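J.: Provided herewith: data-v4.pdb, PDB, C-alpha atoms.
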ATOM      1  CA  MET F 103       0.000   0.000   0.000
ATOM      2  CA  ALA F 104       1.685   3.166  -1.234
ATOM      3  CA  GLN F 105       0.446   5.421   1.544
ATOM      4  CA  SER F 106       1.760   3.212   4.325
ATOM      5  CA  GLU F 107       5.124   2.968   2.572
ATOM      6  CA  ASP F 108       5.604   6.727   2.647
ATOM      7  CA  PRO F 109       3.534   8.247   5.455
ATOM      8  CA  GLU F 110       5.159  11.635   4.980
ATOM      9  CA  SER F 111       3.583  11.994   1.534
ATOM     10  CA  ASP F 112       0.087  11.501   2.954
ATOM     11  CA  PRO F 113      -1.903  14.760   3.209
ATOM     12  CA  ARG F 114      -2.598  13.964   6.865
ATOM     13  CA  TRP F 115       1.108  14.383   7.575
ATOM     14  CA  ASP F 116       0.619  18.175   7.277
ATOM     15  CA  ALA F 117      -1.004  17.986  10.712
ATOM     16  CA  VAL F 118       2.117  16.296  12.104
ATOM     17  CA  ARG F 119       4.256  19.119  10.707
ATOM     18  CA  ALA F 120       1.842  21.615  12.240
ATOM     19  CA  ALA F 121       2.099  19.808  15.584
ATOM     20  CA  ALA F 122       5.873  20.272  15.435
ATOM     21  CA  ARG F 123       5.360  24.019  15.003
ATOM     22  CA  ARG F 124       2.936  24.325  17.917
ATOM     23  CA  ARG F 125       4.431  26.387  20.683
ATOM     24  CA  VAL F 126       4.525  24.772  24.135
ATOM     25  CA  PRO F 127       4.705  27.437  26.844
ATOM     26  CA  THR F 128       6.950  26.698  29.788
ATOM     27  CA  PRO F 129       4.929  26.719  33.027
ATOM     28  CA  PRO F 130       5.477  29.963  34.932
ATOM     29  CA  GLY F 131       8.157  29.598  37.603
ATOM     30  CA  LEU F 132       9.414  26.205  36.394
ATOM     31  CA  VAL F 133      13.013  27.399  36.016
ATOM     32  CA  GLU F 134      12.979  28.759  39.572
ATOM     33  CA  ARG F 135      11.448  25.511  40.885
ATOM     34  CA  VAL F 136      14.167  23.533  39.118
ATOM     35  CA  LEU F 137      16.896  25.708  40.625
ATOM     36  CA  ARG F 138      15.368  25.364  44.104
ATOM     37  CA  ALA F 139      15.108  21.576  43.645
ATOM     38  CA  VAL F 140      18.777  21.363  42.647
ATOM     39  CA  ALA F 141      19.741  23.510  45.651
ATOM     40  CA  ARG F 142      17.653  21.247  47.915
ATOM     41  CA  GLY F 143      19.412  18.279  46.369
ATOM     42  CA  ARG F 144      22.646  19.615  47.850
ATOM     43  CA  ARG F 145      21.357  20.577  51.320
ATOM     44  CA  THR F 146      21.138  18.128  54.219
ATOM     45  CA  ALA F 147      17.560  17.836  55.548
ATOM     46  CA  VAL F 148      17.814  14.926  57.964
ATOM     47  CA  GLU F 149      20.666  13.500  60.012
ATOM     48  CA  VAL F 150      20.138  10.054  61.446
ATOM     49  CA  PRO F 151      22.568   9.271  64.270
ATOM     50  CA  GLY F 152      24.044   5.790  64.327
ATOM     51  CA  GLY F 153      26.642   3.797  66.200
ATOM     52  CA  ALA F 154      29.215   3.963  63.430
ATOM     53  CA  GLY F 155      28.479   7.479  62.192
ATOM     54  CA  ARG F 156      25.724   9.672  60.866
ATOM     55  CA  LEU F 157      23.466   9.148  57.889
ATOM     56  CA  ARG F 158      22.765  12.396  56.051
ATOM     57  CA  VAL F 159      19.720  12.645  53.798
ATOM     58  CA  THR F 160      19.441  15.656  51.502
ATOM     59  CA  GLU F 161      16.329  17.786  51.131
ATOM     60  CA  GLY F 162      16.043  16.546  47.568
ATOM     61  CA  VAL F 163      15.652  12.965  48.772
ATOM     62  CA  VAL F 164      13.082  13.915  51.426
ATOM     63  CA  ASP F 165      11.209  15.964  48.831
ATOM     64  CA  ARG F 166      11.173  13.055  46.379
ATOM     65  CA  LEU F 167      10.063  10.582  49.053
ATOM     66  CA  ALA F 168       7.305  12.889  50.283
ATOM     67  CA  ARG F 169       6.142  13.578  46.728
ATOM     68  CA  THR F 170       5.939   9.853  45.953
ATOM     69  CA  ILE F 171       4.150   9.028  49.204
ATOM     70  CA  ALA F 172       1.699  11.920  48.757
ATOM     71  CA  ALA F 173       0.820  10.845  45.217
ATOM     72  CA  ASP F 174       0.417   7.243  46.331
ATOM     73  CA  ARG F 175      -1.660   7.906  49.457
ATOM     74  CA  ALA F 176      -3.811  10.870  48.411
ATOM     75  CA  PRO F 177      -7.414   9.990  49.320
ATOM     76  CA  PHE F 178     -10.226  10.197  46.782
ATOM     77  CA  GLY F 179     -10.923  13.795  45.804
ATOM     78  CA  VAL F 180      -7.540  15.139  46.901
ATOM     79  CA  ARG F 181      -5.145  16.315  44.203
ATOM     80  CA  ILE F 182      -1.499  17.061  45.089
ATOM     81  CA  SER F 183      -0.503  20.491  43.765
ATOM     82  CA  ALA F 184       3.061  20.749  45.109
ATOM     83  CA  VAL F 185       5.445  19.265  47.654
ATOM     84  CA  ALA F 186       8.448  21.104  49.090
ATOM     85  CA  VAL F 187      10.793  20.964  52.062
ATOM     86  CA  GLU F 188      10.756  24.428  53.592
ATOM     87  CA  GLU F 189      11.151  25.824  57.111
ATOM     88  CA  ASP F 190      12.385  22.427  58.369
ATOM     89  CA  ALA F 191       9.121  20.736  57.425
ATOM     90  CA  VAL F 192       7.535  18.965  54.495
ATOM     91  CA  GLN F 193       4.929  21.310  53.023
ATOM     92  CA  VAL F 194       2.217  19.652  50.918
ATOM     93  CA  LEU F 195      -0.155  21.837  48.908
ATOM     94  CA  VAL F 196      -3.398  20.181  47.824
ATOM     95  CA  SER F 197      -6.619  20.916  46.035
ATOM     96  CA  VAL F 198      -9.804  19.130  47.157
ATOM     97  CA  ARG F 199     -12.806  18.128  45.108
ATOM     98  CA  PHE F 200     -15.923  20.213  45.793
ATOM     99  CA  GLY F 201     -18.004  18.476  48.481
ATOM    100  CA  ILE F 202     -15.060  16.775  50.227
ATOM    101  CA  ILE F 203     -14.580  17.683  53.902
ATOM    102  CA  ALA F 204     -11.298  19.503  53.443
ATOM    103  CA  ASP F 205      -9.827  19.413  56.936
ATOM    104  CA  ALA F 206     -10.551  15.700  57.416
ATOM    105  CA  ALA F 207      -9.017  14.814  54.039
ATOM    106  CA  ALA F 208      -5.955  16.987  54.712
ATOM    107  CA  GLU F 209      -5.435  15.493  58.179
ATOM    108  CA  ALA F 210      -5.756  11.935  56.839
ATOM    109  CA  LEU F 211      -3.139  12.679  54.196
ATOM    110  CA  ARG F 212      -0.854  14.382  56.747
ATOM    111  CA  ARG F 213      -0.958  11.314  59.016
ATOM    112  CA  GLU F 214      -0.227   8.964  56.098
ATOM    113  CA  ILE F 215       2.783  10.974  54.884
ATOM    114  CA  THR F 216       4.159  11.489  58.406
ATOM    115  CA  ALA F 217       3.951   7.790  59.258
ATOM    116  CA  GLU F 218       5.484   6.588  56.003
ATOM    117  CA  LEU F 219       8.287   9.179  56.025
ATOM    118  CA  SER F 220       9.154   8.268  59.613
ATOM    119  CA  ARG F 221       9.159   4.573  58.712
ATOM    120  CA  GLN F 222      11.433   5.069  55.701
ATOM    121  CA  LEU F 223      13.821   7.642  57.199
ATOM    122  CA  GLY F 224      13.920   6.307  60.753
ATOM    123  CA  VAL F 225      13.318   9.748  62.259
ATOM    124  CA  ALA F 226      10.160  11.784  62.790
ATOM    125  CA  SER F 227       9.414  14.469  60.209
ATOM    126  CA  VAL F 228       7.091  17.426  60.489
ATOM    127  CA  VAL F 229       4.507  17.421  57.692
ATOM    128  CA  ASN F 230       2.092  20.271  56.984
ATOM    129  CA  VAL F 231      -0.765  19.883  54.490
ATOM    130  CA  HIS F 232      -2.257  23.086  53.083
ATOM    131  CA  VAL F 233      -5.560  23.102  51.202
ATOM    132  CA  ILE F 234      -5.055  25.809  48.596
ATOM    133  CA  ASP F 235      -7.840  25.204  46.098
ATOM    134  CA  VAL F 236     -11.147  23.461  45.392
ATOM    135  CA  HIS F 237     -11.785  21.739  42.078
ATOM    136  CA  PRO F 238     -15.159  20.747  40.628
ATOM    137  CA  GLY F 239     -16.417  17.200  41.010
TER
ATOM    138  CA  MET E 295      34.354  25.491  22.980
ATOM    139  CA  SER E 296      30.675  26.439  22.550
ATOM    140  CA  ASP E 297      28.965  28.727  25.028
ATOM    141  CA  ASP E 298      27.020  25.765  26.413
ATOM    142  CA  ALA E 299      30.144  23.643  26.754
ATOM    143  CA  GLU E 300      31.895  26.474  28.559
ATOM    144  CA  LEU E 301      28.942  26.936  30.919
ATOM    145  CA  LEU E 302      28.871  23.205  31.553
ATOM    146  CA  ALA E 303      32.595  23.104  32.305
ATOM    147  CA  ARG E 304      32.183  25.957  34.788
ATOM    148  CA  ALA E 305      29.127  24.249  36.347
ATOM    149  CA  ALA E 306      31.112  21.033  36.739
ATOM    150  CA  GLY E 307      33.669  23.087  38.643
ATOM    151  CA  GLY E 308      30.985  24.158  41.134
ATOM    152  CA  ASP E 309      29.845  27.416  39.503
ATOM    153  CA  HIS E 310      26.152  27.578  40.398
ATOM    154  CA  THR E 311      25.578  30.665  38.258
ATOM    155  CA  ALA E 312      26.778  28.830  35.159
ATOM    156  CA  PHE E 313      24.492  25.906  35.984
ATOM    157  CA  GLY E 314      21.593  28.331  36.414
ATOM    158  CA  ALA E 315      22.284  29.782  32.975
ATOM    159  CA  LEU E 316      22.085  26.289  31.449
ATOM    160  CA  VAL E 317      18.819  25.632  33.267
ATOM    161  CA  ARG E 318      17.306  28.887  31.989
ATOM    162  CA  GLU E 319      18.344  28.209  28.421
ATOM    163  CA  HIS E 320      17.386  24.549  28.109
ATOM    164  CA  THR E 321      14.375  24.080  30.425
ATOM    165  CA  PRO E 322      11.749  25.172  27.834
ATOM    166  CA  ARG E 323      12.991  22.563  25.351
ATOM    167  CA  MET E 324      13.249  19.870  28.036
ATOM    168  CA  TYR E 325       9.722  20.598  29.256
ATOM    169  CA  ARG E 326       8.396  20.366  25.691
ATOM    170  CA  VAL E 327      10.011  16.953  25.192
ATOM    171  CA  ALA E 328       8.803  15.706  28.576
ATOM    172  CA  LEU E 329       5.244  16.877  27.853
ATOM    173  CA  ARG E 330       5.190  15.259  24.438
ATOM    174  CA  ILE E 331       6.488  11.948  25.776
ATOM    175  CA  THR E 332       4.347  11.760  28.932
ATOM    176  CA  GLY E 333       1.279  13.694  27.704
ATOM    177  CA  SER E 334       0.830  15.109  31.213
ATOM    178  CA  ALA E 335       1.814  18.606  32.356
ATOM    179  CA  ALA E 336       2.228  17.498  35.979
ATOM    180  CA  GLU E 337       4.442  14.558  35.050
ATOM    181  CA  ALA E 338       6.404  16.685  32.592
ATOM    182  CA  GLU E 339       7.261  19.126  35.361
ATOM    183  CA  ASP E 340       8.477  16.280  37.591
ATOM    184  CA  VAL E 341      10.460  14.863  34.672
ATOM    185  CA  VAL E 342      12.219  18.178  34.106
ATOM    186  CA  GLN E 343      13.100  18.553  37.783
ATOM    187  CA  GLU E 344      14.433  15.004  37.983
ATOM    188  CA  ALA E 345      16.339  15.475  34.740
ATOM    189  CA  TRP E 346      18.125  18.563  36.026
ATOM    190  CA  LEU E 347      18.950  16.840  39.324
ATOM    191  CA  ALA E 348      20.392  13.940  37.318
ATOM    192  CA  ALA E 349      22.276  16.371  35.082
ATOM    193  CA  TRP E 350      23.727  18.151  38.115
ATOM    194  CA  ARG E 351      24.877  14.854  39.618
ATOM    195  CA  SER E 352      26.514  13.715  36.388
ATOM    196  CA  LEU E 353      28.152  16.957  35.249
ATOM    197  CA  ALA E 354      31.566  15.448  35.762
ATOM    198  CA  GLY E 355      30.697  12.491  33.522
ATOM    199  CA  PHE E 356      29.668  14.603  30.526
ATOM    200  CA  ARG E 357      31.379  13.334  27.369
ATOM    201  CA  ARG E 358      32.823  16.264  25.497
ATOM    202  CA  GLU E 359      32.215  14.628  22.099
ATOM    203  CA  SER E 360      28.451  15.178  22.590
ATOM    204  CA  ALA E 361      26.734  18.527  22.150
ATOM    205  CA  VAL E 362      25.372  19.762  25.477
ATOM    206  CA  SER E 363      21.863  19.964  23.989
ATOM    207  CA  THR E 364      22.060  16.326  22.813
ATOM    208  CA  TRP E 365      23.252  15.239  26.248
ATOM    209  CA  LEU E 366      20.337  17.090  27.873
ATOM    210  CA  TYR E 367      17.893  15.517  25.411
ATOM    211  CA  ARG E 368      19.221  12.139  26.560
ATOM    212  CA  VAL E 369      18.902  13.044  30.241
ATOM    213  CA  VAL E 370      15.321  14.292  29.917
ATOM    214  CA  THR E 371      14.302  11.366  27.700
ATOM    215  CA  ASN E 372      15.649   8.904  30.267
ATOM    216  CA  SER E 373      13.809  10.717  33.063
ATOM    217  CA  ALA E 374      10.581  10.632  31.057
ATOM    218  CA  LEU E 375      11.008   6.909  30.398
ATOM    219  CA  ALA E 376      11.572   6.333  34.124
ATOM    220  CA  VAL E 377       8.323   8.153  34.916
ATOM    221  CA  LEU E 378       6.431   6.097  32.330
ATOM    222  CA  ARG E 379       7.799   2.896  33.884
ATOM    223  CA  ARG E 380       6.674   4.026  37.349
ATOM    224  CA  ARG E 381       3.249   5.104  36.115
ATOM    225  CA  ARG E 382       0.465   3.219  37.818
ATOM    226  CA  PRO E 383      -1.819   1.267  35.505
ATOM    227  CA  THR E 384      -4.892   3.215  36.616
ATOM    228  CA  VAL E 385      -5.739   6.754  35.553
ATOM    229  CA  SER E 386      -6.905   9.140  38.254
ATOM    230  CA  LEU E 387     -10.297  10.703  37.661
ATOM    231  CA  ASP E 388      -8.698  13.895  38.892
ATOM    232  CA  ASP E 389      -6.268  14.067  35.990
ATOM    233  CA  PRO E 390      -7.134  16.672  33.416
ATOM    234  CA  ASP E 391      -7.220  15.723  29.749
ATOM    235  CA  PRO E 392      -3.486  15.594  28.983
ATOM    236  CA  GLN E 393      -3.893  17.308  25.669
ATOM    237  CA  SER E 394      -5.742  20.210  27.218
ATOM    238  CA  THR E 395      -2.462  21.063  28.912
ATOM    239  CA  VAL E 396      -0.959  21.884  25.551
ATOM    240  CA  ASP E 397      -1.542  25.470  24.598
ATOM    241  CA  SER E 398      -4.676  25.107  22.511
ATOM    242  CA  ALA E 399      -5.796  28.486  23.729
ATOM    243  CA  LEU E 400      -2.611  30.112  22.557
ATOM    244  CA  LEU E 401      -2.620  28.444  19.179
ATOM    245  CA  ALA E 402      -4.066  30.345  16.284
ATOM    246  CA  ALA E 403      -7.280  28.742  15.045
ATOM    247  CA  ALA E 404      -5.537  27.529  11.935
ATOM    248  CA  VAL E 405      -1.959  27.189  10.762
ATOM    249  CA  PRO E 406      -0.924  26.765   7.143
ATOM    250  CA  GLY E 407       0.894  23.591   6.150
ATOM    251  CA  PRO E 408       3.934  23.718   3.894
ATOM    252  CA  GLU E 409       1.761  23.206   0.837
ATOM    253  CA  GLY E 410      -0.603  25.912   1.910
ATOM    254  CA  ARG E 411      -3.260  23.517   3.206
ATOM    255  CA  VAL E 412      -4.853  24.884   6.328
ATOM    256  CA  VAL E 413      -4.396  22.630   9.324
ATOM    257  CA  ARG E 414      -6.961  23.228  12.011
ATOM    258  CA  ALA E 415      -6.069  23.274  15.697
ATOM    259  CA  GLU E 416      -8.241  20.175  16.222
ATOM    260  CA  GLU E 417      -6.128  18.249  13.725
ATOM    261  CA  VAL E 418      -3.000  19.151  15.683
ATOM    262  CA  ASP E 419      -4.736  18.058  18.898
ATOM    263  CA  ALA E 420      -5.607  14.757  17.188
ATOM    264  CA  VAL E 421      -1.954  14.257  16.184
ATOM    265  CA  LEU E 422      -0.743  14.855  19.734
ATOM    266  CA  ARG E 423      -3.329  12.457  21.143
ATOM    267  CA  ALA E 424      -2.352   9.860  18.538
ATOM    268  CA  VAL E 425       1.339  10.284  19.408
ATOM    269  CA  GLY E 426       0.401   9.638  23.031
ATOM    270  CA  ARG E 427      -1.232   6.348  22.055
ATOM    271  CA  LEU E 428       1.837   5.011  20.242
ATOM    272  CA  GLU E 429       3.985   2.392  21.933
ATOM    273  CA  VAL E 430       6.720   4.087  23.934
ATOM    274  CA  SER E 431       9.408   2.524  21.709
ATOM    275  CA  GLN E 432       7.838   4.314  18.725
ATOM    276  CA  ARG E 433       6.636   7.456  20.471
ATOM    277  CA  VAL E 434      10.003   8.561  21.818
ATOM    278  CA  PRO E 435      11.983   8.533  18.547
ATOM    279  CA  LEU E 436       9.008  10.050  16.730
ATOM    280  CA  VAL E 437       8.815  12.936  19.221
ATOM    281  CA  LEU E 438      12.539  13.589  18.911
ATOM    282  CA  ARG E 439      12.658  13.388  15.111
ATOM    283  CA  GLU E 440       9.279  14.678  13.902
ATOM    284  CA  LEU E 441       8.281  17.092  16.654
ATOM    285  CA  GLU E 442      11.688  18.258  17.913
ATOM    286  CA  GLY E 443      13.391  18.160  14.525
ATOM    287  CA  LEU E 444      16.561  16.362  15.614
ATOM    288  CA  SER E 445      18.649  14.701  12.897
ATOM    289  CA  TYR E 446      18.728  10.908  12.635
ATOM    290  CA  GLU E 447      22.250  10.961  14.027
ATOM    291  CA  GLU E 448      21.223  13.067  17.022
ATOM    292  CA  VAL E 449      18.201  10.864  17.811
ATOM    293  CA  ALA E 450      20.389   7.767  17.503
ATOM    294  CA  GLU E 451      22.847   9.287  19.961
ATOM    295  CA  VAL E 452      20.096  10.272  22.418
ATOM    296  CA  LEU E 453      18.626   6.763  22.343
ATOM    297  CA  ASP E 454      21.978   4.991  22.076
ATOM    298  CA  VAL E 455      20.972   2.992  18.994
ATOM    299  CA  ASN E 456      22.497   2.781  15.529
ATOM    300  CA  VAL E 457      21.088   4.936  12.747
ATOM    301  CA  GLY E 458      19.905   1.967  10.657
ATOM    302  CA  ALA E 459      17.854   0.528  13.501
ATOM    303  CA  LEU E 460      16.491   3.986  14.252
ATOM    304  CA  ARG E 461      15.350   4.530  10.647
ATOM    305  CA  SER E 462      13.410   1.244  10.742
ATOM    306  CA  ARG E 463      11.834   2.076  14.070
ATOM    307  CA  LEU E 464      10.876   5.555  12.881
ATOM    308  CA  HIS E 465       9.304   4.182   9.711
ATOM    309  CA  ARG E 466       7.154   1.840  11.791
ATOM    310  CA  ALA E 467       6.274   4.730  14.104
ATOM    311  CA  ARG E 468       5.196   6.941  11.180
ATOM    312  CA  VAL E 469       3.062   4.154   9.714
ATOM    313  CA  ALA E 470       1.478   3.527  13.124
ATOM    314  CA  LEU E 471       0.801   7.236  13.624
ATOM    315  CA  LEU E 472      -0.798   7.583  10.219
ATOM    316  CA  ALA E 473      -2.958   4.528  10.906
ATOM    317  CA  GLU E 474      -4.108   6.176  14.145
ATOM    318  CA  LEU E 475      -4.936   9.389  12.264
ATOM    319  CA  ARG E 476      -6.881   7.509   9.566
ATOM    320  CA  GLU E 477      -9.050   5.893  12.228
ATOM    321  CA  ARG E 478     -10.258   9.266  13.491
TER
END
Before we go any further, please render this structure as structure tokens.
T.:
Amino acid sequence: MAQSEDPESDPRWDAVRAAARRRVPTPPGLVERVLRAVARGRRTAVEVPGGAGRLRVTEGVVDRLARTIAADRAPFGVRISAVAVEEDAVQVLVSVRFGIIADAAAEALRREITAELSRQLGVASVVNVHVIDVHPG
Amino acid sequence: MSDDAELLARAAGGDHTAFGALVREHTPRMYRVALRITGSAAEAEDVVQEAWLAAWRSLAGFRRESAVSTWLYRVVTNSALAVLRRRRPTVSLDDPDPQSTVDSALLAAAVPGPEGRVVRAEEVDAVLRAVGRLEVSQRVPLVLRELEGLSYEEVAEVLDVNVGALRSRLHRARVALLAELRER
């Protein structure tokens, strides 16, 4: 079949060329978030004392762990907007579906993240969950 | 030495300002690639952050025979592939339509094709959705070659495959994409 042998000669391929020309805007603040993430990747967030020395965990690792746990444990109707390690605590920003009891959902998520972070890092971490938006059902 | 290579050499020596300059210059391109591979704005942002962290950690291992941009394409492609591997098999009801994250609103209603045929924004949306349905092994080279405009040699270097194998894979990807578009 001639068309399948040379897809680029098919008139539909014009749309592929147009897709290549479509501009994709960079999300506002992404560069700054990247630079902060790289800086966090260098800073020590947690020190775990041990018999033979200390284990140092960088903020980048704590951030990544918290982000993964938050995404995995978010209850129905809770959408994770951002996760960051700031002011010596894990800050989790969420949006809740309209009709969800926001403070109960946020507290359930906070307990889940706190328990799992403590289990994985071996030390207690402070976790704050902030409800910053409501999205439609 | 190119400007990028010089910045990278300074960054590898601990110059955070030089690293910041690389991030500012290359992040838009890396985000575009991540979005086109994952189809999700949220995942694309994570991919870009992880890619830059990986780039920072491996500055010292940069091979000078590669262009910096090609090296960064490889880093972001690998990060995107890692995210796709980790992706859970279910789709959250909370996720927005991935293609709505692409700038439909900013796109002119119609863009002329090279032969003057008018391509409507919906046709471009259909292409991007169809790209997202391709197998990952076809989608990634197709994004790099057809949407990013890299040469065969550059795509082969990013994916660490030989050019002959890449040409075959790209041909299959184009055929598969066209088949997807014909079904619409």
J.: Can you work out which residues from chain E touch chain F at a cut-off of 6 Å (counting only C-alpha atoms) and hand them back as a PDB file with C-alpha atoms, in the frame of the given file?
T.:
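Okay, this is what ended up in part.pdb:
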ATOM      1  CA  PRO E 322      11.749  25.172  27.834  1.00  0.00           C
ATOM      2  CA  GLN E 343      13.100  18.553  37.783  1.00  0.00           C
ATOM      3  CA  LEU E 347      18.950  16.840  39.324  1.00  0.00           C
ATOM      4  CA  GLY E 407       0.894  23.591   6.150  1.00  0.00           C
ATOM      5  CA  VAL E 413      -4.396  22.630   9.324  1.00  0.00           C
ATOM      6  CA  GLU E 417      -6.128  18.249  13.725  1.00  0.00           C
ATOM      7  CA  VAL E 418      -3.000  19.151  15.683  1.00  0.00           C
ATOM      8  CA  LEU E 441       8.281  17.092  16.654  1.00  0.00           C
ATOM      9  CA  VAL E 469       3.062   4.154   9.714  1.00  0.00           C
TER      10      VAL E 469
END
J.: If we count only C-alpha atoms and set the cut-off at 12 Å, which residues sit around segment 209-214 of chain F, ignoring sequence neighbours fewer than 5 positions away in its own chain? Please answer as an MDAnalysis selection string.
T.: chainID F and resid 168:182 191:196 198 203:204 219:221 226:233
J.: When you count all atoms listed in the file, which of these residues is closest to Met324 of chain E: E:Ala361, E:Val430, E:Leu438, E:Val377?
T.: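 Nearest candidate to Met324 of chain E out of E:Ala361, E:Val430, E:Leu438, E:Val377: E:Leu438.
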J.: Run the PyMOL selection byres ((chain E and resi 360) around 12) mentally over the shown coordinates, then write out the matched residues as a ChimeraX atom specification, using the chain letters and numbers from the document.
T.: /E:295-296,298-299,355-359,361-368,447-448,451-452
J.: Which centre and which edge lengths, in Å to one decimal, describe the axis-aligned box that holds all listed atoms of segment 457-468 of chain E after 6 Å is added on each side, as AutoDock Vina command-line options?
T.:
--center_x 13.1 --center_y 3.7 --center_z 12.0 --size_x 27.9 --size_y 18.4 --size_z 16.5
J.: Can you work out the spacing between atom CA of Ala208 of chain F and atom CA of Ala186 of chain F in Å, to one decimal?
T.: 16.0 Å
J.: Name the residues that the PyMOL selection byres ((chain E and resi 353) around 9) pulls out of this structure, and write them as a PyMOL selection string.
T.: chain E and resi 302-303+305-307+348-352+354-356
J.: Taking only C-alpha atoms into account, name the residue in E:Val342, E:Val434, E:Ala335, E:Leu422 that is nearest to Leu375 of chain E.
T.: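 Among the listed residues, the smallest separation from Leu375 of chain E belongs to E:Val434.
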J.: Interatomic distance between atom CA of Ala217 of chain F and atom CA of Val164 of chain F?
T.: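 According to the coordinates, atom CA of Ala217 of chain F and atom CA of Val164 of chain F are separated by 13.5 Å.
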J.: Could you check how far atom CA of Ser462 of chain E sits from atom CA of Leu444 of chain E, in Å to one decimal?
T.: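 It comes out at 16.2 Å.
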J.: Counting all atoms listed in the file, which of F:Glu189, F:Gly131, F:Gln222, F:Ile202 gets nearest to Val159 of chain F?
T.: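 Smallest separation from Val159 of chain F among the options: F:Gln222.
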J.: Determine the residue membership of the PyMOL selection byres ((chain E and resi 330) around 9) for the file above and supply it as JSON, numbers by chain.
T.: {"E": [325, 326, 327, 328, 329, 331, 332, 333, 334, 338, 422, 425, 426, 433, 434, 437, 441]}
J.: Find, counting all atoms listed in the file, the residue in F:Arg145, F:Ile234, F:Val185, F:Thr160 that gets nearest to Asp205 of chain F.
T.: F:Ile234
